[in-house]
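Shown here: coords10.cif, mmCIF, C-alpha atoms.
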```cif
data_structure
loop_
_atom_site.label_atom_id
_atom_site.label_comp_id
_atom_site.auth_asym_id
_atom_site.auth_seq_id
_atom_site.Cartn_x
_atom_site.Cartn_y
_atom_site.Cartn_z
CA MET A 1 0.00 0.00 0.00
CA GLN A 2 2.93 2.31 0.75
CA THR A 3 4.18 1.73 -2.79
CA THR A 4 0.77 2.68 -4.16
CA ARG A 5 0.83 5.94 -2.20
CA GLN A 6 4.31 6.74 -3.46
CA GLN A 7 3.31 5.97 -7.02
CA ARG A 8 0.24 8.21 -6.83
CA LEU A 9 2.27 11.01 -5.29
CA ASP A 10 4.95 10.65 -7.93
CA ARG A 11 2.29 10.67 -10.66
CA ALA A 12 0.76 13.82 -9.18
CA ILE A 13 4.17 15.51 -9.17
CA ALA A 14 4.78 14.44 -12.77
CA ASN A 15 1.44 15.95 -13.81
CA LEU A 16 1.83 19.17 -11.80
CA PRO A 17 0.80 22.06 -14.09
CA PRO A 18 3.56 24.63 -14.68
CA SER A 19 1.17 27.45 -13.70
CA TYR A 20 0.32 26.27 -10.16
CA PHE A 21 2.24 29.22 -8.68
CA ALA A 22 -0.84 31.24 -9.72
CA MET A 23 -2.26 30.07 -6.37
CA VAL A 24 0.49 32.07 -4.64
CA MET A 25 -0.17 35.04 -6.92
CA ALA A 26 -3.89 35.01 -6.10
CA THR A 27 -3.44 34.54 -2.35
CA GLY A 28 -0.69 37.14 -2.06
CA THR A 29 -2.56 39.77 -4.05
CA LEU A 30 -5.73 39.23 -2.02
CA SER A 31 -3.63 39.59 1.14
CA VAL A 32 -2.23 42.92 -0.09
CA GLY A 33 -5.75 44.06 -0.98
CA CYS A 34 -6.96 43.27 2.52
CA HIS A 35 -3.99 45.16 3.97
CA LEU A 36 -4.72 48.25 1.87
CA LEU A 37 -8.38 48.17 2.92
CA GLU A 38 -7.37 47.67 6.57
CA ILE A 39 -8.73 44.13 6.97
CA ASN A 40 -5.50 43.38 8.76
CA TRP A 41 -6.33 40.06 10.43
CA LEU A 42 -7.18 38.51 7.05
CA ALA A 43 -4.14 40.09 5.40
CA TRP A 44 -1.86 38.42 7.97
CA LEU A 45 -3.70 35.09 7.76
CA LEU A 46 -3.36 35.01 3.97
CA PHE A 47 0.28 36.09 4.27
CA PHE A 48 1.20 33.12 6.47
CA LEU A 49 -0.88 30.77 4.34
CA ASN A 50 0.88 32.08 1.24
CA LEU A 51 4.30 31.38 2.72
CA VAL A 52 3.19 27.77 3.15
CA PHE A 53 1.89 27.62 -0.43
CA TYR A 54 5.08 29.14 -1.81
CA ALA A 55 7.42 26.84 0.12
CA THR A 56 5.35 23.74 -0.71
CA LEU A 57 5.31 24.51 -4.43
CA ILE A 58 9.07 25.13 -4.45
CA VAL A 59 9.56 21.63 -3.03
CA LEU A 60 7.08 20.04 -5.45
CA TYR A 61 8.55 21.73 -8.52
CA GLY A 62 12.04 20.86 -7.33
CA LEU A 63 10.98 17.21 -7.13
CA ARG A 64 9.36 17.44 -10.56
CA MET A 65 12.50 18.92 -12.08
CA THR A 66 14.78 16.23 -10.60
CA ARG A 67 12.50 13.19 -10.97
CA HIS A 68 10.81 14.06 -14.26
CA THR A 69 13.47 16.23 -15.85
CA ARG A 70 12.59 15.57 -19.48
CA ARG A 71 8.90 16.26 -18.94
CA PHE A 72 9.66 19.39 -16.89
CA PHE A 73 11.78 21.00 -19.60
CA SER A 74 9.53 19.74 -22.37
CA ASP A 75 6.69 21.70 -20.76
CA MET A 76 8.93 24.76 -20.56
CA ILE A 77 9.37 24.95 -24.34
CA SER A 78 5.77 23.96 -25.11
CA HIS A 79 3.68 26.66 -26.83
CA GLU A 80 0.65 25.52 -24.80
CA ARG A 81 2.24 25.16 -21.35
CA GLY A 82 5.51 27.09 -21.31
CA ALA A 83 4.07 30.48 -20.33
CA GLY A 84 2.74 28.94 -17.11
CA PHE A 85 6.29 28.90 -15.70
CA PHE A 86 6.17 32.71 -15.48
CA THR A 87 3.88 32.31 -12.47
CA SER A 88 7.01 31.43 -10.46
CA VAL A 89 8.42 34.89 -11.24
CA ALA A 90 5.23 36.77 -10.43
CA SER A 91 4.60 34.79 -7.24
CA SER A 92 8.12 35.50 -5.95
CA CYS A 93 7.56 39.22 -6.48
CA ILE A 94 4.12 39.17 -4.89
CA VAL A 95 5.41 37.38 -1.79
CA GLY A 96 8.19 39.97 -1.73
CA SER A 97 5.59 42.75 -1.87
CA GLN A 98 3.75 41.12 1.03
CA CYS A 99 7.00 41.05 3.01
CA ILE A 100 7.40 44.82 2.58
CA LEU A 101 3.80 45.98 2.93
CA ILE A 102 2.59 43.62 5.65
CA ALA A 103 5.64 42.35 7.54
CA GLN A 104 8.10 45.22 6.86
CA SER A 105 10.70 42.55 6.08
CA TYR A 106 12.85 44.34 3.51
CA TRP A 107 15.76 41.90 3.34
CA ALA A 108 13.42 39.01 2.60
CA ALA A 109 11.87 41.09 -0.17
CA ILE A 110 15.30 41.86 -1.65
CA GLY A 111 16.15 38.14 -1.64
CA LEU A 112 12.91 37.33 -3.45
CA TRP A 113 13.61 40.18 -5.89
CA PHE A 114 16.91 38.55 -6.88
CA VAL A 115 15.20 35.17 -7.23
CA ALA A 116 12.52 36.72 -9.46
CA ILE A 117 15.04 38.45 -11.73
CA PHE A 118 17.06 35.24 -12.07
CA LEU A 119 13.93 33.27 -12.99
CA TRP A 120 12.70 36.01 -15.34
CA LEU A 121 15.95 36.08 -17.27
CA GLY A 122 16.19 32.30 -17.53
CA LEU A 123 12.57 31.74 -18.50
CA THR A 124 12.25 34.68 -20.90
CA TYR A 125 15.24 33.79 -23.01
CA THR A 126 14.71 30.03 -22.80
CA ILE A 127 11.00 30.02 -23.66
CA PHE A 128 10.95 32.65 -26.39
CA THR A 129 14.16 31.40 -27.98
CA ALA A 130 12.68 27.88 -28.08
CA TYR A 131 9.45 29.21 -29.61
CA THR A 132 11.50 30.96 -32.28
CA ILE A 133 13.86 28.18 -33.37
CA LYS A 134 11.40 25.27 -33.19
CA GLU A 135 11.09 23.57 -36.56
CA ASN A 136 7.62 22.16 -35.92
CA LYS A 137 5.25 24.74 -34.49
CA PRO A 138 1.55 24.44 -33.64
CA ALA A 139 -1.14 26.50 -35.34
CA LEU A 140 -1.98 29.84 -33.72
CA ALA A 141 -5.50 28.73 -32.72
CA GLU A 142 -4.10 25.67 -30.93
CA SER A 143 -1.36 27.34 -28.95
CA ILE A 144 -2.00 30.94 -27.93
CA SER A 145 -4.23 31.83 -24.98
CA GLY A 146 -4.48 34.34 -22.19
CA ALA A 147 -1.81 32.33 -20.36
CA TRP A 148 0.83 33.87 -22.63
CA LEU A 149 0.18 37.17 -20.87
CA LEU A 150 1.72 35.67 -17.73
CA ALA A 151 5.01 36.85 -19.26
CA VAL A 152 3.62 40.40 -19.00
CA VAL A 153 2.44 39.80 -15.43
CA ALA A 154 5.89 38.54 -14.44
CA THR A 155 7.57 41.59 -15.97
CA GLN A 156 5.22 44.03 -14.27
CA ALA A 157 5.50 42.17 -10.96
CA ILE A 158 9.26 42.85 -11.05
CA ALA A 159 8.51 46.52 -11.77
CA VAL A 160 6.15 46.68 -8.77
CA LEU A 161 8.59 45.04 -6.34
CA SER A 162 11.50 47.13 -7.66
CA ALA A 163 9.53 50.33 -7.03
CA LEU A 164 8.62 49.18 -3.51
CA ILE A 165 12.22 48.30 -2.65
CA ALA A 166 13.51 51.56 -4.17
CA ALA A 167 11.53 53.58 -1.64
CA HIS A 168 13.69 52.04 1.14
CA TRP A 169 17.11 52.31 -0.53
CA PRO A 170 19.49 55.28 -0.20
CA GLN A 171 20.41 57.48 -3.13
CA PRO A 172 21.75 56.98 -5.79
CA LEU A 173 20.55 53.37 -5.62
CA ARG A 174 16.99 54.60 -5.17
CA MET A 175 17.11 56.55 -8.42
CA GLU A 176 18.75 53.68 -10.30
CA LEU A 177 16.26 51.10 -9.10
CA ASN A 178 13.36 53.35 -10.06
CA PHE A 179 14.84 53.57 -13.57
CA PHE A 180 14.96 49.77 -13.68
CA ALA A 181 11.31 49.63 -12.54
CA LEU A 182 10.37 52.17 -15.23
CA SER A 183 12.14 50.12 -17.90
CA MET A 184 10.37 46.93 -16.88
CA TRP A 185 7.03 48.76 -16.80
CA LEU A 186 7.54 50.04 -20.34
CA TRP A 187 8.70 46.67 -21.64
CA GLY A 188 5.72 44.92 -20.03
CA GLY A 189 3.38 47.34 -21.78
CA MET A 190 5.01 46.71 -25.15
CA LEU A 191 4.85 42.94 -24.62
CA TYR A 192 1.14 43.18 -23.81
CA ILE A 193 0.46 45.03 -27.06
CA TRP A 194 2.22 42.31 -29.06
CA MET A 195 0.48 39.43 -27.34
CA ILE A 196 -3.04 40.81 -26.96
CA SER A 197 -3.08 41.52 -30.70
CA LEU A 198 -2.57 37.82 -31.40
CA ILE A 199 -5.04 36.78 -28.70
CA PHE A 200 -7.73 39.13 -30.00
CA TYR A 201 -7.09 37.89 -33.54
CA ARG A 202 -7.53 34.31 -32.29
CA TYR A 203 -10.75 35.39 -30.51
CA THR A 204 -12.40 36.88 -33.55
CA PHE A 205 -11.16 34.91 -36.57
CA PHE A 206 -10.96 31.29 -35.38
CA ARG A 207 -13.60 28.88 -34.13
CA PHE A 208 -14.06 29.24 -30.36
CA SER A 209 -15.52 26.41 -28.30
CA PRO A 210 -16.38 26.48 -24.57
CA GLY A 211 -13.34 24.33 -23.87
CA ASP A 212 -11.09 26.96 -25.47
CA LEU A 213 -12.20 29.63 -22.99
CA SER A 214 -9.94 28.49 -20.17
CA PRO A 215 -9.72 30.52 -16.92
CA PRO A 216 -6.31 32.06 -17.81
CA TYR A 217 -8.15 34.28 -20.29
CA TRP A 218 -8.83 36.43 -17.21
CA ILE A 219 -5.13 37.30 -17.41
CA ASN A 220 -6.19 39.58 -20.29
CA MET A 221 -7.48 41.83 -17.53
CA GLY A 222 -4.98 40.84 -14.84
CA ALA A 223 -1.99 41.88 -16.97
CA MET A 224 -3.47 45.36 -17.33
CA ALA A 225 -4.32 45.51 -13.63
CA ILE A 226 -0.76 44.80 -12.52
CA SER A 227 0.51 47.24 -15.17
CA THR A 228 -1.72 49.86 -13.54
CA LEU A 229 -0.29 49.01 -10.13
CA ALA A 230 3.28 49.34 -11.41
CA GLY A 231 2.43 52.73 -12.91
CA ALA A 232 0.88 53.88 -9.64
CA ARG A 233 4.03 52.85 -7.75
CA LEU A 234 6.18 54.86 -10.17
CA ILE A 235 3.94 57.91 -9.79
CA GLU A 236 4.27 57.58 -6.02
CA ASN A 237 8.07 57.44 -6.35
CA THR A 238 8.27 60.57 -8.53
CA PRO A 239 9.94 62.70 -5.78
CA ASP A 240 12.82 60.20 -5.64
CA ALA A 241 13.89 60.50 -9.30
CA PRO A 242 13.93 63.70 -11.40
CA TYR A 243 13.42 61.79 -14.66
CA LEU A 244 10.15 60.39 -13.26
CA ALA A 245 8.98 63.92 -12.52
CA SER A 246 9.65 64.91 -16.14
CA LEU A 247 7.64 61.89 -17.30
CA LEU A 248 4.77 62.43 -14.86
CA PRO A 249 2.07 63.32 -17.45
CA PHE A 250 3.10 60.27 -19.48
CA LEU A 251 3.08 58.03 -16.39
CA LYS A 252 -0.36 59.21 -15.34
CA GLY A 253 -1.80 58.97 -18.84
CA PHE A 254 -0.56 55.45 -19.49
CA THR A 255 -1.51 54.26 -16.02
CA VAL A 256 -5.10 55.37 -16.58
CA PHE A 257 -4.91 53.85 -20.07
CA TYR A 258 -3.94 50.48 -18.56
CA TRP A 259 -6.67 50.73 -15.93
CA ALA A 260 -9.34 51.59 -18.51
CA THR A 261 -8.25 48.69 -20.72
CA GLY A 262 -8.39 46.27 -17.80
CA THR A 263 -11.81 47.58 -16.82
CA TRP A 264 -13.09 47.06 -20.38
CA TRP A 265 -12.16 43.40 -20.19
CA ILE A 266 -14.26 42.65 -17.09
CA PRO A 267 -17.78 42.75 -18.66
CA MET A 268 -16.44 40.96 -21.76
CA LEU A 269 -15.02 38.11 -19.68
CA VAL A 270 -18.18 37.87 -17.56
CA ILE A 271 -20.31 37.58 -20.72
CA LEU A 272 -18.02 34.92 -22.15
CA GLY A 273 -18.13 33.06 -18.83
CA PHE A 274 -21.93 33.12 -18.93
CA TRP A 275 -21.78 31.78 -22.48
CA ARG A 276 -19.39 28.99 -21.43
CA TYR A 277 -21.07 27.76 -18.24
CA ILE A 278 -24.74 28.70 -18.59
CA TYR A 279 -25.54 28.78 -22.31
CA LYS A 280 -23.17 25.98 -23.36
CA GLY A 281 -23.44 24.03 -20.09
CA TYR A 282 -19.70 23.55 -19.65
CA PRO A 283 -19.03 21.71 -16.35
CA PHE A 284 -17.87 23.90 -13.47
CA GLU A 285 -15.38 21.87 -11.45
CA TYR A 286 -12.04 22.55 -9.80
CA ASP A 287 -9.09 23.08 -12.10
CA PRO A 288 -5.71 24.54 -11.04
CA LEU A 289 -6.13 27.01 -13.88
CA TYR A 290 -8.89 28.76 -11.91
CA TRP A 291 -6.23 30.41 -9.75
CA GLY A 292 -5.36 32.30 -12.91
CA ALA A 293 -8.85 33.83 -12.78
CA VAL A 294 -8.76 34.64 -9.05
CA PHE A 295 -5.52 36.61 -9.32
CA PRO A 296 -6.88 39.26 -11.75
CA LEU A 297 -9.90 39.92 -9.51
CA ALA A 298 -7.64 40.55 -6.51
CA MET A 299 -5.18 42.57 -8.58
CA TYR A 300 -7.95 44.79 -9.95
CA THR A 301 -8.87 45.61 -6.34
CA VAL A 302 -5.27 46.51 -5.45
CA CYS A 303 -4.54 48.49 -8.60
CA THR A 304 -7.74 50.54 -8.43
CA PHE A 305 -7.06 51.43 -4.79
CA SER A 306 -3.48 52.45 -5.62
CA LEU A 307 -4.51 54.44 -8.69
CA ALA A 308 -7.22 56.30 -6.77
CA LYS A 309 -4.77 57.10 -3.97
CA VAL A 310 -1.83 58.44 -6.00
CA MET A 311 -4.01 60.41 -8.45
CA HIS A 312 -6.50 61.60 -5.82
CA LEU A 313 -9.44 60.00 -7.62
CA ASP A 314 -11.53 59.46 -4.51
CA PHE A 315 -14.63 58.60 -6.51
CA LEU A 316 -12.93 55.35 -7.57
CA MET A 317 -12.51 54.12 -3.99
CA ALA A 318 -15.96 52.51 -4.03
CA ILE A 319 -14.66 49.97 -6.56
CA PRO A 320 -11.95 48.30 -4.44
CA ARG A 321 -14.18 48.41 -1.35
CA GLY A 322 -16.75 46.31 -3.21
CA PHE A 323 -14.45 44.32 -5.47
CA ILE A 324 -12.47 42.93 -2.55
CA PHE A 325 -15.48 40.77 -1.65
CA VAL A 326 -15.74 39.46 -5.21
CA ALA A 327 -12.07 38.49 -5.01
CA MET A 328 -12.59 36.87 -1.58
CA ALA A 329 -15.53 34.82 -2.86
CA ALA A 330 -13.56 33.67 -5.91
CA TRP A 331 -10.53 32.75 -3.77
CA LEU A 332 -12.64 30.85 -1.21
CA THR A 333 -14.52 28.94 -3.90
CA THR A 334 -11.29 27.90 -5.59
CA PHE A 335 -9.61 27.00 -2.29
CA ILE A 336 -12.56 24.79 -1.30
CA GLY A 337 -12.27 23.11 -4.69
CA LEU A 338 -8.57 22.46 -4.00
CA LEU A 339 -9.34 20.95 -0.58
CA ARG A 340 -12.02 18.71 -2.07
CA ARG A 341 -9.57 17.55 -4.74
CA ILE A 342 -6.92 16.75 -2.10
CA VAL A 343 -9.40 14.92 0.17
CA GLY A 344 -10.88 13.03 -2.77
CA GLY A 345 -7.43 11.99 -3.93
CA ALA A 346 -6.47 10.81 -0.44
CA ARG A 347 -9.66 8.70 -0.13
CA ALA A 348 -8.96 7.07 -3.47
CA ILE A 349 -5.68 5.63 -2.17
CA PRO A 350 -6.16 2.01 -1.00
CA GLN A 351 -5.65 1.63 2.74
#
```

So that I can check it, write out the structure of this file as structure tokens.
Amino acid sequence: MQTTRQQRLDRAIANLPPSYFAMVMATGTLSVGCHLLEINWLAWLLFFLNLVFYATLIVLYGLRMTRHTRRFFSDMISHERGAGFFTSVASSCIVGSQCILIAQSYWAAIGLWFVAIFLWLGLTYTIFTAYTIKENKPALAESISGAWLLAVVATQAIAVLSALIAAHWPQPLRMELNFFALSMWLWGGMLYIWMISLIFYRYTFFRFSPGDLSPPYWINMGAMAISTLAGARLIENTPDAPYLASLLPFLKGFTVFYWATGTWWIPMLVILGFWRYIYKGYPFEYDPLYWGAVFPLAMYTVCTFSLAKVMHLDFLMAIPRGFIFVAMAAWLTTFIGLLRRIVGGARAIPQ
């Protein structure tokens, strides 16, 4: 029986989706949202829970990389699954942001910042180089999805954490790190434009079935939400870098542009979700990919709060105060689904 347990565990590790770090992204962002809205007990609870999630996934992915090496790296260069690895970058940055905002642990955040940059460099140039030089490539309709925008989320997550760390560094490091954050913010925006053009083309000119509308399509909105947050952090840091002050109208304009684009996506994604689950009757059951839909809801709460604060748009504050409960409900529903999956899997093991 012990062998059976080990075999099932090893099979679960082998089949672990590359994007499971989205659970850390969702939990960490919701924690930050609760902190901003002064629901401090829940912010701390989610922070500690997220540390457990993050550490557990590091162990599981480490085991997957060492025990199922070929499958691990095959997924990394897969057009369908490769982008999911960028969740490891974004989750490292989001945990780092939690360390600063909630625990005031700056050295831990700096350590996670280095980890995120290392992962970002390795994944960016491995995945996109592999996509470029592959001889046999899948058709556009079979490969691209909202999950590709996780590369944008990872880039903007580094921009956000860089801006947060910069506020606690002495000059001239503070000015230099803000320039790095600005560069990542601009690159993330350019990358979004490239990718969303292909995704929108796939939306409108290829056959679309309910099964094609996977939860990571919510990253269409989430990538713009975290881009808004990065812009808000840069606006807040304007006094620390003269070049940011000279770019202030540009920063404010593009930050609102990102927020408006993300907001546009919300009704569209709700309508498509209604079409998938209600009209087409697609089964609603737990899938790890649903964490990729929870994260954008939490991030939209955080980014709207931050935008309203730095630009003195008090009339927007009603949105995060209401949206936080939408994000909580989505997180709780997905977490219950995860627990049911774990319990169901444990019961299926012969005693």

Query raised in the report: On this structure, which residues satisfy the PyMOL selection byres ((chain A and resi 183-189) around 6), written as a list in words?
Result: Val152, Thr155, Gln156, Ala159, Phe180, Ala181, Leu182, Met190, Leu191 and Tyr192 of chain A

**Report entry** Ref. answer, residues at most 12 Å from (-6.9, 47.9, 4.4) with all atoms listed in the file, as a PyMOL selection string
**Finding:** chain A and resi 30-44+101-102+301-302+305-306+317+320-321+324

Report task. Would you translate the PyMOL selection byres ((chain A and resi 235-249) around 9) into the concrete set of residues it matches in this file, as a PyMOL selection string? Result -> chain A and resi 163-164+166-167+171+174-176+178-179+182+230-234+250-254+310-311

Please identify all polymer residues within 12 Å of Ile199 in chain A, counting only C-alpha atoms, omitting same-chain residues fewer than 4 positions from it, and present them as a CSV table (one decimal) with C-alpha atoms, in the frame of the given file.
```csv
chain,number,residue,atom,x,y,z
A,140,LEU,CA,-2.0,29.8,-33.7
A,141,ALA,CA,-5.5,28.7,-32.7
A,142,GLU,CA,-4.1,25.7,-30.9
A,143,SER,CA,-1.4,27.3,-29.0
A,144,ILE,CA,-2.0,30.9,-27.9
A,145,SER,CA,-4.2,31.8,-25.0
A,146,GLY,CA,-4.5,34.3,-22.2
A,147,ALA,CA,-1.8,32.3,-20.4
A,148,TRP,CA,0.8,33.9,-22.6
A,149,LEU,CA,0.2,37.2,-20.9
A,192,TYR,CA,1.1,43.2,-23.8
A,193,ILE,CA,0.5,45.0,-27.1
A,194,TRP,CA,2.2,42.3,-29.1
A,195,MET,CA,0.5,39.4,-27.3
A,203,TYR,CA,-10.8,35.4,-30.5
A,204,THR,CA,-12.4,36.9,-33.6
A,205,PHE,CA,-11.2,34.9,-36.6
A,206,PHE,CA,-11.0,31.3,-35.4
A,208,PHE,CA,-14.1,29.2,-30.4
A,212,ASP,CA,-11.1,27.0,-25.5
A,213,LEU,CA,-12.2,29.6,-23.0
A,216,PRO,CA,-6.3,32.1,-17.8
A,217,TYR,CA,-8.2,34.3,-20.3
A,219,ILE,CA,-5.1,37.3,-17.4
A,220,ASN,CA,-6.2,39.6,-20.3
```

Requested in this report: Within 6 Å of range 109-125 of chain A, counting only C-alpha atoms, which residues show up once you throw out same-chain ones fewer than 3 positions away? Write them as an MDAnalysis selection string, please.
Outcome: chainID A and resid 89 92 96 99 106 128:129

Let's have the selection written as a PDB file, in the frame of the given file, with C-alpha atoms.
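Written file, selection-v4.pdb:
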```pdb
ATOM      1  CA  VAL A  89       8.420  34.890 -11.240  1.00  0.00           C
ATOM      2  CA  SER A  92       8.120  35.500  -5.950  1.00  0.00           C
ATOM      3  CA  GLY A  96       8.190  39.970  -1.730  1.00  0.00           C
ATOM      4  CA  CYS A  99       7.000  41.050   3.010  1.00  0.00           C
ATOM      5  CA  TYR A 106      12.850  44.340   3.510  1.00  0.00           C
ATOM      6  CA  PHE A 128      10.950  32.650 -26.390  1.00  0.00           C
ATOM      7  CA  THR A 129      14.160  31.400 -27.980  1.00  0.00           C
TER       8      THR A 129
END
```

Report task. Report as a ChimeraX atom specification the residues that result from applying the PyMOL selection byres ((chain A and resi 75) around 12) to the structure here. Result -> /A:14-19,64-65,68-74,76-85,123,126-127,130-131

Requested in this report: Would you work out the distance separating CA of Phe86 in chain A from CA of Cys303 in chain A, expressed in Å to one decimal?
Outcome: 20.3 Å

Please, what is the axis-aligned box for every listed atom of range 3-17 of chain A with 3 Å on each side, as centre and edge lengths in Å to one decimal, as lines of an AutoDock Vina configuration file?
```
center_x = 2.6
center_y = 11.9
center_z = -8.1
size_x = 10.7
size_y = 26.3
size_z = 17.9
```

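Coordinates place CA of Thr304 in chain A at a distance of 13.5 Å from CA of Ala223 in chain A.
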
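Going from CA of Lys280 in chain A to CA of Ser214 in chain A covers 13.8 Å.
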
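Minimum distance to Trp331 in chain A across A:Ala22, A:Ala12, A:Ala55, A:Val256 (counting all atoms listed in the file) occurs at A:Ala22.
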
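Of the residues under consideration (A:Tyr300, A:Phe257, A:Thr27, A:Ala90), A:Thr27 shows the shortest atom-to-atom contact distance to Leu332 in chain A when counting all atoms listed in the file.
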
Requested in this report: May I have the residues within 10 Å of range 268-272 of chain A as an MDAnalysis selection string, using all atoms listed in the file and disregarding those fewer than 4 positions away in the same chain?
Outcome: chainID A and resid 210 213 215 217:218 220:221 263:264 276:279

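Using all atoms listed in the file for every distance, the candidate list A:Ser91, A:Phe47, A:Gly211, A:Arg340 yields A:Ser91 as the residue closest to Ala157 in chain A.
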